[in-house]
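Colleague: Below is the structure I would like to discuss, written out as structure tokens.
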Amino acid sequence: MTGTKATARAGGVLYLLAVGLLVGGAPRASGTVHGVGALLAACLLVGMVRRSPLLALALALFGSTAVVVGMPSSADTGLAVSYQGQFLAYVAADLVLGFVVATRTRRASVVAASASLLVQLLVVGCFAHGDNLTVNLVIALLAMAAAGTVGLLGRERREHAVALRSQEVAEAVVAERLRIARELHDMVAHSIGIIAIQAGAASQVIVTRPADAAEALRAIEATSRETLSGLRRTLVALRQADPDAADPRGTALAPSPGLEDIDRLAAATGDAGVRVDVRRSGQERALPAEIGLSAFRIVQEALTNVVRHAGTGRCRVLIGYGDEELSVEIVDDGRGTAGSGPAHGPAHGFGLVGMRERVALLSGDLSAGPRPEGGFRVAARLPLPAPAAATAAAAR
């Protein structure tokens, strides 16, 4: 930082020396030569423009004015050369003015533009006469207007980019909150439902059939441990940038569930009193983690609704591995619309909403509703990537 500041100061000093040499060393050169020299000398102000644009503008105006004052008169060089030289001399100041307008506050931009306009008008009025005065004034005003317009466009573009980044950050935060809400809802709702049913069964048979009560308690323990593991995985992912890293206490985290865990899910649902018939079709293969997790959560939420609301003792899960899509269907023969709301859940529940969000994020389709012959059906279709892409994603 100190080196950059010293470089900027050195550039300002060299600029003033260059202007002095240009004015004193070539007093008889044409106005065009003086203007080009002033424009080239302004390159020395690049470092200062980035650190102190207002100071750089002041130096550019001072140097440009010195060059214009030191130019030979129009009687020596001709009218055209005179206004060309003045225009070129102030181009550097106009460029710095555009940078000020683009990067500084509106108040600072107005002050800088006013000062630049005043200096140029005074210089043009003092050193130009007749038609030359009109031409120089028009050129000075047009150059300043062009620099200010470019600066305003740059400011608007930067502000628009900042607004877009802020919007993207806000949308990312909302999306992450929804993802966490879906994970917690699907994981906790299913587990609590199983635990509640098993606890009720254990309390009814703990005296008459202690063996069955012990089995129900073991199911409660297993479900509780699985839920705690899932919660720990979610909390660790929130606490660190790498979701695949180990638990802070040093224990490895279990991977996210996928279609390979459907049989375990069916067994746990069976312990809760609903027998699940799992059927698969097509060529089973490794899938990207996000597709496998979404399919698992859809089945989990649908089975939770069957256990809690369908009033039936069995249901069927169909998993189809197609060439271009994965299909998941959960069908029961329970009460259907006799439940209290969508997907057998309460009217204010989030089960079906979470399913639709998961499927929408993967550009798939979801249908859920009562069947004409009775019961309820949930069906999801999730597009699959090309085989090469799917293998690479699954390997990650």
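How things are named: the first chain in the structure tokens is A, the next is B, and so on; residues count from 1 in each chain; ligands count from 1 in the order shown.
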Give the strand (DSSP E) residues of region 162-309 of chain A, as DSSP finds them on the backbone, and put them as a PDB file with C-alpha atoms, in the first residue's frame.
Modeller:
ATOM      1  CA  ARG A 275     -45.610 -52.905   5.070  1.00  0.00           C
ATOM      2  CA  VAL A 276     -43.760 -51.423   2.103  1.00  0.00           C
ATOM      3  CA  ASP A 277     -43.374 -53.358  -1.132  1.00  0.00           C
ATOM      4  CA  VAL A 278     -40.317 -51.958  -2.970  1.00  0.00           C
ATOM      5  CA  ARG A 279     -40.009 -52.734  -6.659  1.00  0.00           C
ATOM      6  CA  ARG A 280     -37.296 -51.657  -9.079  1.00  0.00           C
ATOM      7  CA  SER A 281     -37.152 -51.645 -12.836  1.00  0.00           C
ATOM      8  CA  GLY A 282     -34.480 -50.780 -15.364  1.00  0.00           C
TER       9      GLY A 282
END
Colleague: For region 176-183 of chain A, list every protein, DNA or RNA residue within 9 Å, evaluated using only C-alpha atoms, and leave out those in the same chain fewer than 2 positions away; present the list as a list of chain:residue names.
Modeller: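 That gives A:Glu171, A:Ala172, A:Val173, A:Val174, A:His185, A:Asp186, A:Met187, A:Val188, A:Thr234, A:Arg297, A:Phe350, A:Gly351, A:Val353, A:Gly354, A:Met355, A:Glu357, A:Arg358.
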Colleague: When you count only C-alpha atoms, which of these residues is closest to Gly320 (chain A): A:Leu57, A:Leu142, A:Val306, A:Ala379?
Modeller: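 The answer is A:Ala379, which sits nearest to Gly320 (chain A).
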Colleague: List the spatial neighbours of Asp261 (chain A) as a PyMOL selection string - criterion: any atom at most 12 Å away, only C-alpha atoms, same-chain residues fewer than 5 positions off excluded.
Modeller: chain A and resi 255-256+266-268+278+292-293+295-297+299-300
Colleague: With C-alpha atoms kept, could you save the residues just selected as a tab-separated table (two decimals), in the first residue's frame?
Modeller:
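Saved file again-v2.tsv follows:
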chain	number	residue	atom	x	y	z
A	255	PRO	CA	-22.91	-39.87	3.78
A	256	SER	CA	-26.23	-38.42	2.71
A	266	ALA	CA	-39.01	-49.57	4.10
A	267	ALA	CA	-37.98	-51.79	7.04
A	268	ALA	CA	-38.32	-48.88	9.48
A	278	VAL	CA	-40.32	-51.96	-2.97
A	292	GLY	CA	-30.37	-39.83	-5.09
A	293	LEU	CA	-30.99	-37.66	-2.02
A	295	ALA	CA	-35.56	-39.33	-4.58
A	296	PHE	CA	-34.94	-40.72	-1.09
A	297	ARG	CA	-36.55	-37.70	0.59
A	299	VAL	CA	-40.12	-41.54	-0.78
A	300	GLN	CA	-39.48	-40.79	2.88
Colleague: Give the alpha helix (DSSP H) residues of region 142-320 of chain A, as assigned by DSSP on the backbone, as a count of residues only.
Modeller: 121
Colleague: Choose the residue, out of A:Ile194, A:Val138, A:Ala8, A:Ala102, that has the smallest atom-to-atom separation from Arg157 (chain A); count only C-alpha atoms.
Modeller: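 With only C-alpha atoms as the atom set, the closest residue is A:Ala102.
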Colleague: Mind checking which residues fall within 8 Å of region 38-54 of chain A, counting only C-alpha atoms, ignoring those fewer than 3 positions away in the same chain, and posting them as a list in words?
Modeller: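 Residues near the query, excluding close chain neighbours: Thr4, Lys5, Thr7, Ala8, Arg9, Gly11, Gly12, Leu14, Tyr15, Ala18, Val19, Leu22, His34, Gly35, Leu57, Ala58, Ala60, Gly63, Ser64, Val67, Leu88, Ala89, Tyr90, Val91, Ala92, Val96, Phe99, Val100 and Ala112 of chain A.
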Colleague: How would the residues just chosen look if you wrote them out with C-alpha atoms as an mmCIF file, in the first residue's frame?
Modeller:
data_model
loop_
_atom_site.group_PDB
_atom_site.id
_atom_site.type_symbol
_atom_site.label_atom_id
_atom_site.label_comp_id
_atom_site.auth_asym_id
_atom_site.auth_seq_id
_atom_site.Cartn_x
_atom_site.Cartn_y
_atom_site.Cartn_z
ATOM 1 C CA THR A 4 1.506 2.288 -4.417
ATOM 2 C CA LYS A 5 1.061 5.633 -2.683
ATOM 3 C CA THR A 7 4.331 5.555 -6.992
ATOM 4 C CA ALA A 8 1.237 7.754 -7.343
ATOM 5 C CA ARG A 9 3.081 10.744 -5.841
ATOM 6 C CA GLY A 11 3.818 10.061 -11.092
ATOM 7 C CA GLY A 12 2.344 13.425 -10.121
ATOM 8 C CA LEU A 14 6.980 13.568 -13.045
ATOM 9 C CA TYR A 15 3.841 14.889 -14.732
ATOM 10 C CA ALA A 18 7.055 16.865 -18.097
ATOM 11 C CA VAL A 19 4.643 19.781 -18.483
ATOM 12 C CA LEU A 22 7.067 20.754 -22.733
ATOM 13 C CA HIS A 34 1.927 20.844 -27.316
ATOM 14 C CA GLY A 35 -1.534 19.212 -27.062
ATOM 15 C CA LEU A 57 -7.950 16.136 -11.879
ATOM 16 C CA ALA A 58 -6.509 19.271 -10.275
ATOM 17 C CA ALA A 60 -4.409 17.629 -15.052
ATOM 18 C CA GLY A 63 -0.892 21.092 -16.521
ATOM 19 C CA SER A 64 -3.325 21.432 -19.425
ATOM 20 C CA VAL A 67 0.376 23.995 -21.887
ATOM 21 C CA LEU A 88 -5.853 17.917 -27.122
ATOM 22 C CA ALA A 89 -4.395 19.615 -24.055
ATOM 23 C CA TYR A 90 -7.668 19.312 -22.121
ATOM 24 C CA VAL A 91 -8.526 15.773 -23.279
ATOM 25 C CA ALA A 92 -6.461 14.370 -20.379
ATOM 26 C CA VAL A 96 -9.834 12.149 -15.446
ATOM 27 C CA PHE A 99 -13.202 8.640 -13.953
ATOM 28 C CA VAL A 100 -14.231 10.947 -11.093
ATOM 29 C CA ALA A 112 -15.246 18.380 -10.169
#
Colleague: So, counting only C-alpha atoms, which residue among A:Leu97, A:Leu217, A:Ile262, A:Leu137 is closest to Leu55 (chain A)?
Modeller: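 Once distances to Leu55 (chain A) are computed over only C-alpha atoms, the minimum belongs to A:Leu97.
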Colleague: Interatomic distance between CA of Val307 (chain A) and CA of Gly273 (chain A)?
Modeller: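 Spanning CA of Val307 (chain A) to CA of Gly273 (chain A) is a straight-line distance of 7.6 Å.
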Colleague: Quick one: pull the distance between CA of Tyr321 (chain A) and CA of Gln283 (chain A), Å, one decimal.
Modeller: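 Going from CA of Tyr321 (chain A) over to CA of Gln283 (chain A) covers 5.8 Å.
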